[in-house]
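Data file: my_file.tsv. Format and content: TSV, C-alpha atoms and all ligand atoms.
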chain	number	residue	atom	x	y	z
A	3	MET	CA	5.83	-58.64	-7.25
A	4	GLY	CA	2.87	-59.08	-4.96
A	5	ARG	CA	-0.87	-58.61	-5.03
A	6	TYR	CA	-2.40	-56.86	-2.04
A	7	LEU	CA	-5.83	-56.13	-0.65
A	8	ILE	CA	-6.33	-52.72	0.94
A	9	THR	CA	-9.43	-52.45	3.11
A	10	GLY	CA	-10.54	-48.83	3.17
A	11	GLY	CA	-8.38	-48.34	0.09
A	12	ALA	CA	-10.60	-45.54	-1.26
A	13	GLY	CA	-9.99	-43.55	1.89
A	14	PHE	CA	-7.30	-41.07	2.72
A	15	VAL	CA	-4.46	-43.30	3.95
A	16	GLY	CA	-5.62	-46.35	1.99
A	17	SER	CA	-5.48	-44.55	-1.36
A	18	HIS	CA	-1.90	-43.45	-0.65
A	19	ILE	CA	-0.96	-47.05	0.17
A	20	ALA	CA	-2.56	-48.06	-3.15
A	21	GLU	CA	-0.38	-45.54	-4.97
A	22	ALA	CA	2.75	-46.69	-3.15
A	23	CYS	CA	1.99	-50.35	-3.94
A	24	LEU	CA	1.48	-49.59	-7.62
A	25	ALA	CA	4.67	-47.53	-7.74
A	26	ALA	CA	6.52	-50.55	-6.33
A	27	GLY	CA	5.06	-52.75	-9.07
A	28	HIS	CA	2.44	-54.56	-6.98
A	29	GLU	CA	-1.16	-55.27	-7.95
A	30	VAL	CA	-3.90	-53.78	-5.81
A	31	ARG	CA	-7.45	-54.74	-4.90
A	32	VAL	CA	-9.48	-52.39	-2.73
A	33	LEU	CA	-12.43	-53.24	-0.50
A	34	ASP	CA	-14.29	-50.11	0.56
A	35	ASP	CA	-17.90	-49.41	1.48
A	36	LEU	CA	-17.44	-45.80	0.31
A	37	SER	CA	-18.97	-44.48	3.53
A	38	LEU	CA	-15.95	-42.25	4.16
A	39	GLY	CA	-13.79	-43.21	1.19
A	40	LEU	CA	-14.31	-41.78	-2.29
A	41	ALA	CA	-13.95	-43.68	-5.58
A	42	GLU	CA	-12.36	-40.52	-7.01
A	43	ASN	CA	-9.40	-41.00	-4.64
A	44	LEU	CA	-8.44	-43.91	-6.90
A	45	ALA	CA	-9.25	-42.18	-10.18
A	46	GLY	CA	-6.82	-43.14	-12.90
A	47	LEU	CA	-5.16	-45.85	-10.81
A	48	PRO	CA	-5.23	-49.42	-12.17
A	49	VAL	CA	-6.81	-50.96	-9.06
A	50	GLU	CA	-9.72	-53.33	-8.69
A	51	LEU	CA	-12.32	-51.58	-6.51
A	52	VAL	CA	-14.80	-53.86	-4.73
A	53	GLU	CA	-17.60	-51.99	-2.99
A	54	GLY	CA	-18.51	-53.67	0.27
A	55	SER	CA	-18.07	-53.85	4.00
A	56	ILE	CA	-15.43	-55.56	6.11
A	57	LEU	CA	-18.36	-56.74	8.21
A	58	ASP	CA	-19.41	-59.05	5.34
A	59	PRO	CA	-17.35	-62.27	5.70
A	60	ALA	CA	-18.31	-63.69	2.29
A	61	ARG	CA	-17.21	-60.49	0.52
A	62	LEU	CA	-13.98	-60.48	2.53
A	63	ALA	CA	-13.20	-64.09	1.64
A	64	ARG	CA	-13.69	-63.32	-2.06
A	65	CYS	CA	-11.45	-60.26	-1.79
A	66	LEU	CA	-8.70	-62.29	-0.14
A	67	ALA	CA	-8.58	-64.90	-2.87
A	68	GLY	CA	-5.21	-64.78	-4.59
A	69	VAL	CA	-3.69	-61.94	-2.55
A	70	ASP	CA	-0.37	-62.01	-0.69
A	71	GLY	CA	-1.33	-59.72	2.16
A	72	VAL	CA	-3.84	-57.21	3.53
A	73	PHE	CA	-3.35	-53.61	4.51
A	74	HIS	CA	-6.25	-53.10	6.91
A	75	GLU	CA	-7.14	-49.41	6.82
A	76	ALA	CA	-10.95	-49.52	6.90
A	77	ALA	CA	-12.06	-47.77	10.09
A	78	ILE	CA	-14.10	-44.95	11.53
A	79	PRO	CA	-11.20	-42.93	12.88
A	80	SER	CA	-12.72	-39.91	14.61
A	81	VAL	CA	-12.54	-39.56	18.39
A	82	PRO	CA	-15.56	-37.20	18.75
A	83	ARG	CA	-17.64	-39.33	16.38
A	84	SER	CA	-16.95	-42.35	18.58
A	85	VAL	CA	-17.94	-40.40	21.67
A	86	GLU	CA	-21.31	-39.76	20.01
A	87	ASP	CA	-21.72	-43.28	18.61
A	88	PRO	CA	-19.54	-45.79	20.47
A	89	VAL	CA	-21.41	-48.85	19.20
A	90	THR	CA	-20.77	-48.20	15.51
A	91	SER	CA	-17.17	-47.31	16.29
A	92	PHE	CA	-16.64	-50.66	18.01
A	93	GLU	CA	-18.49	-52.60	15.32
A	94	VAL	CA	-16.33	-51.26	12.50
A	95	ASN	CA	-13.00	-50.77	14.27
A	96	ALA	CA	-12.93	-53.86	16.49
A	97	THR	CA	-15.40	-56.41	15.11
A	98	GLY	CA	-14.44	-55.39	11.55
A	99	THR	CA	-10.80	-56.09	12.36
A	100	LEU	CA	-11.76	-59.47	13.81
A	101	GLN	CA	-13.49	-60.31	10.53
A	102	VAL	CA	-10.43	-59.24	8.51
A	103	LEU	CA	-8.13	-61.32	10.70
A	104	GLN	CA	-10.37	-64.35	10.45
A	105	ALA	CA	-10.48	-64.08	6.65
A	106	ALA	CA	-6.69	-63.53	6.49
A	107	ARG	CA	-6.18	-66.57	8.69
A	108	GLN	CA	-8.25	-68.69	6.33
A	109	ALA	CA	-6.22	-67.33	3.38
A	110	GLY	CA	-2.94	-67.62	5.34
A	111	VAL	CA	-1.70	-64.09	4.52
A	112	ARG	CA	0.00	-61.25	6.39
A	113	VAL	CA	-2.03	-58.38	7.83
A	114	VAL	CA	-0.61	-54.91	8.38
A	115	TYR	CA	-3.03	-53.10	10.68
A	116	ALA	CA	-3.62	-49.37	10.98
A	117	GLY	CA	-3.25	-48.96	14.72
A	118	SER	CA	-3.59	-45.69	16.56
A	119	SER	CA	-1.49	-43.56	18.87
A	120	SER	CA	-4.71	-43.09	20.83
A	121	ALA	CA	-3.74	-46.36	22.56
A	122	TYR	CA	-1.39	-44.30	24.74
A	123	GLY	CA	-4.10	-41.98	26.01
A	124	ASP	CA	-3.00	-39.06	28.12
A	125	SER	CA	-0.01	-40.60	29.87
A	126	GLU	CA	2.41	-37.80	30.77
A	127	THR	CA	5.53	-39.50	29.43
A	128	LEU	CA	6.83	-38.30	26.09
A	129	PRO	CA	7.82	-39.64	23.65
A	130	LYS	CA	5.49	-42.64	23.66
A	131	ARG	CA	7.20	-46.01	23.48
A	132	GLU	CA	5.45	-49.15	22.35
A	133	ASP	CA	6.08	-50.89	25.69
A	134	MET	CA	4.19	-48.24	27.68
A	135	PRO	CA	0.87	-49.36	29.15
A	136	ALA	CA	-2.20	-48.64	27.03
A	137	ARG	CA	-4.68	-46.12	28.43
A	138	PRO	CA	-7.37	-45.43	25.84
A	139	LEU	CA	-9.46	-42.33	26.54
A	140	SER	CA	-12.23	-42.64	23.97
A	141	PRO	CA	-14.45	-45.38	22.53
A	142	CYS	CA	-12.53	-45.07	19.24
A	143	ALA	CA	-9.20	-45.55	21.02
A	144	ALA	CA	-10.53	-48.57	22.91
A	145	ALA	CA	-11.90	-50.13	19.73
A	146	LYS	CA	-8.68	-49.55	17.76
A	147	LEU	CA	-6.74	-51.03	20.67
A	148	ALA	CA	-9.03	-54.08	20.69
A	149	GLY	CA	-8.20	-54.50	16.99
A	150	GLU	CA	-4.52	-54.26	17.79
A	151	GLN	CA	-4.77	-56.87	20.53
A	152	LEU	CA	-6.68	-59.17	18.21
A	153	CYS	CA	-3.77	-58.87	15.76
A	154	GLN	CA	-1.44	-60.04	18.52
A	155	VAL	CA	-3.74	-62.84	19.60
A	156	PHE	CA	-4.09	-64.10	16.02
A	157	ALA	CA	-0.28	-64.16	15.79
A	158	ARG	CA	0.04	-66.03	19.07
A	159	VAL	CA	-2.82	-68.48	18.70
A	160	TYR	CA	-2.87	-69.12	14.94
A	161	GLY	CA	0.63	-68.04	13.91
A	162	LEU	CA	-0.83	-65.36	11.62
A	163	PRO	CA	1.85	-62.86	10.53
A	164	THR	CA	0.43	-59.52	11.69
A	165	VAL	CA	2.08	-56.13	12.15
A	166	VAL	CA	0.48	-53.22	13.98
A	167	LEU	CA	1.50	-49.70	12.96
A	168	ARG	CA	0.41	-47.05	15.42
A	169	TYR	CA	-0.27	-43.94	13.36
A	170	PHE	CA	0.18	-40.47	14.79
A	171	ASN	CA	-2.02	-37.71	13.31
A	172	VAL	CA	-1.64	-38.47	9.64
A	173	PHE	CA	-2.21	-35.53	7.28
A	174	GLY	CA	-1.83	-34.71	3.62
A	175	PRO	CA	-3.65	-34.55	0.28
A	176	ARG	CA	-7.05	-36.29	0.09
A	177	GLN	CA	-7.75	-36.04	3.81
A	178	ARG	CA	-11.38	-35.02	4.07
A	179	ALA	CA	-11.88	-31.47	5.18
A	180	ASP	CA	-15.65	-31.30	4.84
A	181	SER	CA	-16.80	-32.61	8.18
A	182	PRO	CA	-16.67	-31.30	11.74
A	183	TYR	CA	-14.76	-34.54	12.46
A	184	SER	CA	-12.03	-33.82	9.92
A	185	GLY	CA	-8.43	-33.62	11.07
A	186	VAL	CA	-7.19	-30.28	12.30
A	187	ILE	CA	-4.70	-29.69	9.47
A	188	ALA	CA	-7.39	-30.31	6.85
A	189	ARG	CA	-9.79	-27.93	8.60
A	190	PHE	CA	-7.22	-25.20	9.19
A	191	CYS	CA	-5.97	-25.42	5.56
A	192	MET	CA	-9.49	-24.83	4.26
A	193	ALA	CA	-9.99	-21.88	6.59
A	194	ALA	CA	-6.59	-20.46	5.62
A	195	LEU	CA	-7.59	-20.60	1.96
A	196	ASP	CA	-11.07	-19.12	2.20
A	197	GLY	CA	-10.25	-16.56	4.88
A	198	SER	CA	-12.75	-17.95	7.37
A	199	GLU	CA	-12.27	-18.32	11.09
A	200	VAL	CA	-10.73	-21.43	12.65
A	201	ARG	CA	-12.02	-22.98	15.83
A	202	VAL	CA	-9.21	-23.65	18.26
A	203	ASP	CA	-10.28	-26.11	20.96
A	204	GLY	CA	-8.76	-25.00	24.26
A	205	ASP	CA	-5.65	-22.82	24.32
A	206	GLY	CA	-4.08	-24.23	21.14
A	207	GLU	CA	-0.94	-25.28	23.00
A	208	GLN	CA	-1.90	-28.95	22.68
A	209	SER	CA	0.55	-30.66	20.38
A	210	ARG	CA	0.70	-33.57	17.99
A	211	ASP	CA	3.26	-35.67	16.14
A	212	PHE	CA	1.86	-34.81	12.71
A	213	THR	CA	2.89	-37.37	10.08
A	214	TYR	CA	2.78	-36.85	6.34
A	215	VAL	CA	0.71	-39.48	4.56
A	216	SER	CA	3.29	-40.61	1.99
A	217	ASP	CA	5.62	-41.53	4.85
A	218	VAL	CA	2.84	-43.60	6.40
A	219	ALA	CA	2.26	-45.38	3.09
A	220	ARG	CA	5.97	-46.16	2.78
A	221	GLY	CA	6.06	-47.51	6.33
A	222	ASN	CA	3.17	-49.81	5.46
A	223	LEU	CA	5.01	-51.28	2.50
A	224	LEU	CA	8.11	-51.82	4.58
A	225	ALA	CA	6.03	-53.65	7.19
A	226	MET	CA	4.30	-55.82	4.58
A	227	THR	CA	7.54	-56.94	2.97
A	228	SER	CA	9.45	-57.35	6.25
A	229	ASP	CA	9.93	-60.60	8.14
A	230	LEU	CA	8.92	-59.12	11.49
A	231	PRO	CA	7.54	-61.66	13.94
A	232	GLY	CA	3.73	-61.79	14.10
A	233	GLY	CA	2.14	-59.42	16.59
A	234	THR	CA	4.88	-56.76	16.37
A	235	VAL	CA	3.65	-53.26	17.33
A	236	LEU	CA	5.47	-50.23	15.93
A	237	ASN	CA	4.94	-46.49	16.20
A	238	LEU	CA	4.89	-44.85	12.79
A	239	SER	CA	5.28	-41.09	12.81
A	240	GLY	CA	7.24	-38.03	11.86
A	241	GLY	CA	8.78	-38.04	15.34
A	242	GLY	CA	8.33	-34.28	15.92
A	243	ARG	CA	5.76	-32.37	17.97
A	244	TYR	CA	3.91	-29.24	16.89
A	245	SER	CA	1.20	-27.25	18.66
A	246	LEU	CA	-1.94	-25.97	16.94
A	247	LEU	CA	-0.64	-22.43	17.42
A	248	ARG	CA	2.55	-23.40	15.56
A	249	LEU	CA	0.44	-24.93	12.80
A	250	LEU	CA	-1.46	-21.63	12.47
A	251	GLU	CA	1.81	-19.73	12.33
A	252	VAL	CA	3.08	-21.94	9.49
A	253	LEU	CA	-0.20	-21.53	7.60
A	254	GLU	CA	-0.22	-17.78	8.11
A	255	GLY	CA	3.29	-17.67	6.65
A	256	LEU	CA	2.10	-19.64	3.63
A	257	VAL	CA	-1.02	-17.59	2.89
A	258	GLY	CA	0.59	-14.31	3.88
A	259	ARG	CA	-2.19	-13.05	6.14
A	260	PRO	CA	-3.47	-13.58	9.69
A	261	ILE	CA	-5.96	-16.39	10.21
A	262	PRO	CA	-8.85	-15.33	12.46
A	263	ARG	CA	-9.46	-17.74	15.32
A	264	ARG	CA	-12.08	-18.41	17.95
A	265	HIS	CA	-11.23	-20.43	21.03
A	266	ALA	CA	-13.73	-23.07	22.15
A	267	ALA	CA	-13.80	-25.42	25.13
A	268	PRO	CA	-11.26	-28.28	24.98
A	269	ARG	CA	-12.71	-31.37	23.32
A	270	PRO	CA	-13.92	-34.19	25.60
A	271	GLY	CA	-11.53	-37.16	25.52
A	272	ASP	CA	-8.79	-35.00	23.98
A	273	VAL	CA	-5.12	-35.88	24.47
A	274	ARG	CA	-2.95	-32.90	25.51
A	275	HIS	CA	0.37	-33.85	23.92
A	276	SER	CA	1.37	-36.66	21.63
A	277	GLN	CA	4.74	-37.67	20.24
A	278	ALA	CA	6.19	-41.02	19.24
A	279	ASP	CA	9.49	-42.64	19.89
A	280	VAL	CA	10.11	-44.03	16.40
A	281	SER	CA	13.34	-45.87	17.16
A	282	ARG	CA	11.74	-49.31	16.94
A	283	ALA	CA	10.43	-48.69	13.40
A	284	ARG	CA	13.81	-47.30	12.46
A	285	GLU	CA	15.66	-50.34	13.80
A	286	LEU	CA	13.28	-53.05	12.65
A	287	LEU	CA	12.07	-51.58	9.35
A	288	GLY	CA	14.74	-49.05	8.45
A	289	PHE	CA	11.92	-46.48	8.50
A	290	ALA	CA	12.74	-42.77	8.34
A	291	THR	CA	10.41	-39.92	7.43
A	292	GLU	CA	11.08	-38.11	4.20
A	293	VAL	CA	8.64	-35.21	4.46
A	294	GLY	CA	9.01	-32.72	7.32
A	295	PHE	CA	6.14	-30.86	8.99
A	296	GLU	CA	6.42	-27.54	7.17
A	297	GLU	CA	7.01	-29.14	3.79
A	298	GLY	CA	4.04	-31.43	4.38
A	299	VAL	CA	1.77	-28.54	5.40
A	300	ARG	CA	2.81	-26.64	2.27
A	301	SER	CA	2.04	-29.60	-0.04
A	302	THR	CA	-1.25	-30.17	1.73
A	303	LEU	CA	-2.31	-26.54	1.45
A	304	ASP	CA	-1.33	-26.58	-2.24
A	305	TRP	CA	-3.49	-29.64	-2.80
A	306	TYR	CA	-6.58	-28.09	-1.16
A	307	ARG	CA	-5.98	-24.93	-3.20
A	308	GLU	CA	-5.89	-26.97	-6.42
A	309	GLN	CA	-9.09	-28.77	-5.42
A	310	ARG	CA	-10.84	-25.51	-4.67
A	311	ASP	CA	-9.65	-23.84	-7.87
A	312	GLY	CA	-10.58	-26.94	-9.90
A	313	ALA	CA	-14.08	-26.98	-8.38
A	314	ALA	CA	-14.48	-23.25	-9.09
A	315	THR	CA	-13.46	-23.76	-12.75
A	316	ASN	CA	-15.98	-26.59	-13.13
A	317	ASP	CA	-18.88	-24.50	-11.75
A	401	LIG	C1	-6.09	-38.08	15.88
A	401	LIG	C2	-6.70	-38.95	14.82
A	401	LIG	C3	-7.46	-40.05	15.45
A	401	LIG	C4	-6.56	-40.81	16.40
A	401	LIG	C5	-5.95	-39.84	17.39
A	401	LIG	C6	-4.90	-40.49	18.26
A	401	LIG	C7	-7.08	-37.48	12.92
A	401	LIG	C8	-8.09	-36.79	12.11
A	401	LIG	N1	-7.56	-38.16	13.98
A	401	LIG	O1	-7.08	-37.49	16.64
A	401	LIG	O2	-7.90	-40.94	14.46
A	401	LIG	O3	-7.31	-41.76	17.08
A	401	LIG	O4	-5.26	-38.83	16.71
A	401	LIG	O5	-4.62	-39.67	19.36
A	401	LIG	O6	-5.90	-37.50	12.63
A	401	LIG	N2	-8.96	-29.19	16.81
A	401	LIG	C9	-9.23	-27.83	16.82
A	401	LIG	N3	-10.04	-27.32	15.84
A	401	LIG	C10	-10.58	-28.09	14.84
A	401	LIG	C11	-10.28	-29.49	14.84
A	401	LIG	C12	-9.46	-30.00	15.84
A	401	LIG	O7	-8.76	-27.10	17.69
A	401	LIG	O8	-11.28	-27.56	13.98
A	401	LIG	C13	-8.06	-29.73	17.85
A	401	LIG	C14	-8.64	-30.91	18.61
A	401	LIG	O9	-9.42	-30.53	19.72
A	401	LIG	C15	-7.34	-31.61	19.04
A	401	LIG	C16	-6.36	-31.33	17.91
A	401	LIG	O10	-6.90	-30.22	17.21
A	401	LIG	O11	-6.87	-31.04	20.23
A	401	LIG	C17	-6.19	-32.48	16.95
A	401	LIG	O12	-7.48	-32.91	16.57
A	401	LIG	P1	-7.70	-33.95	15.36
A	401	LIG	O13	-7.03	-33.47	14.13
A	401	LIG	O14	-9.16	-34.23	15.31
A	401	LIG	O15	-6.87	-35.21	15.81
A	401	LIG	P2	-6.84	-36.04	17.20
A	401	LIG	O16	-8.01	-35.76	18.04
A	401	LIG	O17	-5.48	-35.87	17.75
Take the structure from the file and write it as structure tokens.
Amino acid sequence: MGRYLITGGAGFVGSHIAEACLAAGHEVRVLDDLSLGLAENLAGLPVELVEGSILDPARLARCLAGVDGVFHEAAIPSVPRSVEDPVTSFEVNATGTLQVLQAARQAGVRVVYAGSSSAYGDSETLPKREDMPARPLSPCAAAKLAGEQLCQVFARVYGLPTVVLRYFNVFGPRQRADSPYSGVIARFCMAALDGSEVRVDGDGEQSRDFTYVSDVARGNLLAMTSDLPGGTVLNLSGGGRYSLLRLLEVLEGLVGRPIPRRHAAPRPGDVRHSQADVSRARELLGFATEVGFEEGVRSTLDWYREQRDGAATND
């Protein structure tokens, strides 16, 4: 069994990777600055939580001691946040990744990097294949892409075993719903539960390849334990495509009442449609999703309901 470091392991995706690692019998160390992550996401899990930043090389080196690989999830993921503050986005997403790669190179261990479908930008072709040219549309997308290219360069120049997984709109339990930057499923679930109005940016026909978080965690483990050549880039997604209007329909079915909506202007830097071709991950990793869209939305809604009811009981 292995011992792995998860940067951003107290965050949404990172904490699910921690769970998946533990379930597979691995040991887990987490490095998280708790800026977006929450210690409670790891509550009850036997993980070593180190509070600190990926921008601190000494801390990183200590965290890498004795581990067999790094899942690099620490990032500031939001597109609109990066439009407001491109410098911080680049510092954490690109320079932070450089620091992780440098530390992994010194330790000689594999890095599985949380890449982003935002690399594809708004190219018309669907589904997106890994060999399509990159066309980032936002500072966040450019920074995540820089991180991805650094993973490839470290493989080429230093022989570091790196794998890039391009995530497509990950959703599920523990995704933060409390910020205007939160993912659309998290925000719409909360509105569906408390009866408030949702904000639909544009006409709501824009669509995404929503991917349930436990599938993403499983894909990460497959990538870590694979013998893929360094620098491999793989899409990781559910492989379907659902519009926001379809999402609202599913949620309305689950809560049994209409969800009031207000249309706003489309978001700057927004991608109209997004869907992955997942055949490469299927061929090279044997990856297949286990949780479909509607099942995932139901589990996610149930989780937010439990959180809300738990909070109400504790008041
Ligand atoms: C997502 C990722 C981002 C990644 C990008 C790749 C999340 C949270 N973000 O961004 O990290 O870089 O994919 O393309 O998964 N919307 C509303 N109302 C709301 C919130 C959002 O209508 O209250 C709309 C947005 O304008 C957008 C769509 O829903 O059209 C999806 O937004 P969001 O969940 O923020 O994800 P992406 O922008 O696709």
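Between atom O10 of ligand LIG 401 (chain A) and atom CA of Trp305 of chain A the interatomic distance comes to 20.3 Å.
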task = Residues up to 8 Å from ligand LIG 401 (chain A), counting all atoms listed in the file: could you list those as a ChimeraX atom specification?
result = /A:78-82,118-123,142-143,146,169-173,182-190,200-204,206,208-210,246,265-266,268-269,272-274,276
Could you turn the residues from that selection into a file that holds C-alpha atoms, as a CSV table (one decimal), in the frame of the given file?
chain,number,residue,atom,x,y,z
A,78,ILE,CA,-14.1,-45.0,11.5
A,79,PRO,CA,-11.2,-42.9,12.9
A,80,SER,CA,-12.7,-39.9,14.6
A,81,VAL,CA,-12.5,-39.6,18.4
A,82,PRO,CA,-15.6,-37.2,18.8
A,118,SER,CA,-3.6,-45.7,16.6
A,119,SER,CA,-1.5,-43.6,18.9
A,120,SER,CA,-4.7,-43.1,20.8
A,121,ALA,CA,-3.7,-46.4,22.6
A,122,TYR,CA,-1.4,-44.3,24.7
A,123,GLY,CA,-4.1,-42.0,26.0
A,142,CYS,CA,-12.5,-45.1,19.2
A,143,ALA,CA,-9.2,-45.6,21.0
A,146,LYS,CA,-8.7,-49.6,17.8
A,169,TYR,CA,-0.3,-43.9,13.4
A,170,PHE,CA,0.2,-40.5,14.8
A,171,ASN,CA,-2.0,-37.7,13.3
A,172,VAL,CA,-1.6,-38.5,9.6
A,173,PHE,CA,-2.2,-35.5,7.3
A,182,PRO,CA,-16.7,-31.3,11.7
A,183,TYR,CA,-14.8,-34.5,12.5
A,184,SER,CA,-12.0,-33.8,9.9
A,185,GLY,CA,-8.4,-33.6,11.1
A,186,VAL,CA,-7.2,-30.3,12.3
A,187,ILE,CA,-4.7,-29.7,9.5
A,188,ALA,CA,-7.4,-30.3,6.8
A,189,ARG,CA,-9.8,-27.9,8.6
A,190,PHE,CA,-7.2,-25.2,9.2
A,200,VAL,CA,-10.7,-21.4,12.6
A,201,ARG,CA,-12.0,-23.0,15.8
A,202,VAL,CA,-9.2,-23.6,18.3
A,203,ASP,CA,-10.3,-26.1,21.0
A,204,GLY,CA,-8.8,-25.0,24.3
A,206,GLY,CA,-4.1,-24.2,21.1
A,208,GLN,CA,-1.9,-29.0,22.7
A,209,SER,CA,0.6,-30.7,20.4
A,210,ARG,CA,0.7,-33.6,18.0
A,246,LEU,CA,-1.9,-26.0,16.9
A,265,HIS,CA,-11.2,-20.4,21.0
A,266,ALA,CA,-13.7,-23.1,22.2
A,268,PRO,CA,-11.3,-28.3,25.0
A,269,ARG,CA,-12.7,-31.4,23.3
A,272,ASP,CA,-8.8,-35.0,24.0
A,273,VAL,CA,-5.1,-35.9,24.5
A,274,ARG,CA,-3.0,-32.9,25.5
A,276,SER,CA,1.4,-36.7,21.6
request  = For atom CA of Val114 of chain A and atom CA of Glu285 of chain A, quote the distance in Å rounded to one decimal.
outcome  =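 Atom-to-atom, atom CA of Val114 of chain A to atom CA of Glu285 of chain A, that is 17.7 Å.
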Counting all atoms listed in the file, which residues sit no farther than 7 Å from the position (-0.1, -53.4, 6.3) in the file's frame? I'd like them as a CSV table (one decimal) with C-alpha atoms, in the frame of the given file.
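Here's the written file part-v6.csv:
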chain,number,residue,atom,x,y,z
A,72,VAL,CA,-3.8,-57.2,3.5
A,73,PHE,CA,-3.4,-53.6,4.5
A,74,HIS,CA,-6.2,-53.1,6.9
A,113,VAL,CA,-2.0,-58.4,7.8
A,114,VAL,CA,-0.6,-54.9,8.4
A,115,TYR,CA,-3.0,-53.1,10.7
A,165,VAL,CA,2.1,-56.1,12.2
A,222,ASN,CA,3.2,-49.8,5.5
A,223,LEU,CA,5.0,-51.3,2.5
A,225,ALA,CA,6.0,-53.6,7.2
A,226,MET,CA,4.3,-55.8,4.6
query = Nearest to Leu36 of chain A among A:Tyr244, A:Phe92, A:Tyr160, A:Phe14, with distances taken over all atoms listed in the file: which residue is it?
reply = A:Phe14
ask   = Taking (4.9, -43.3, 16.0) in the file's coordinates as the center, which residues reach within 9 Å of it, counting only C-alpha atoms, put as a ChimeraX atom specification?
value = /A:118-119,129-132,167-170,211,213,236-241,277-281,283
message = Taking 4 positions as the minimum chain separation for residues in the same chain, which residues sit within 9 Å of Gly197 of chain A when counting only C-alpha atoms? Answer as a list in words.
response =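 With the cut-off at 9 Å, the set is Met192, Ala193, Arg259, Pro260, Ile261 and Pro262 of chain A.
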Can I get the selected residues back with C-alpha atoms, as a compact mmCIF listing (two decimals), in the coordinates of the input?
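Generated output (out_26.txt):
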# COMPACT_ATOMS: atom_id res chain seq x y z
CA MET A 192 -9.49 -24.83 4.26
CA ALA A 193 -9.99 -21.88 6.59
CA ARG A 259 -2.19 -13.05 6.14
CA PRO A 260 -3.47 -13.58 9.69
CA ILE A 261 -5.96 -16.39 10.21
CA PRO A 262 -8.85 -15.33 12.46
task = Would you kindly return, as a list of chain:residue names, each protein, DNA or RNA residue with an atom no farther than 8 Å from any atom of Val52 of chain A, considering all atoms listed in the file and excluding same-chain residues fewer than 4 positions away?
result =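 Skipping anything fewer than 4 positions along the chain leaves A:Arg31, A:Val32, A:Leu33, A:Asp34, A:Cys65.
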ask   = In Å, how far is it from atom CA of Leu195 of chain A to atom CA of Pro175 of chain A?
value =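 Answer for the atom CA of Leu195 of chain A to atom CA of Pro175 of chain A separation: 14.6 Å.
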key: Residue nearest Val102 of chain A among A:Leu224, A:Leu66, A:Leu47, A:Leu249 (counting all atoms listed in the file)   =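 Ranked by minimum distance to Val102 of chain A, first place goes to A:Leu66.
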inquiry  = From the options A:Ile56, A:Leu303, A:Met3, A:Ala63, which residue's atoms come nearest to Gly110 of chain A, counting all atoms listed in the file?
reply    =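 Counting all atoms listed in the file, the residue closest to Gly110 of chain A is A:Ala63.
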message = Restricting the calculation to all atoms listed in the file: of A:Leu147, A:Ala12, A:Phe212, A:Gly4, which residue gets closest to Gly27 of chain A?
response =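 Of A:Leu147, A:Ala12, A:Phe212, A:Gly4, the one nearest Gly27 of chain A is A:Gly4, counting all atoms listed in the file.
Closest approach to Val89 of chain A among A:Pro141, A:Arg284, A:Arg264, A:Glu150 is made by A:Pro141 (distances from all atoms listed in the file).
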task = Measuring atom to atom with all atoms listed in the file, identify which of A:Pro59, A:Gly16, A:Gly149, A:Pro270 is nearest to Ala96 of chain A.
result =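 Checking each candidate against Ala96 of chain A, we get A:Gly149 as the closest.
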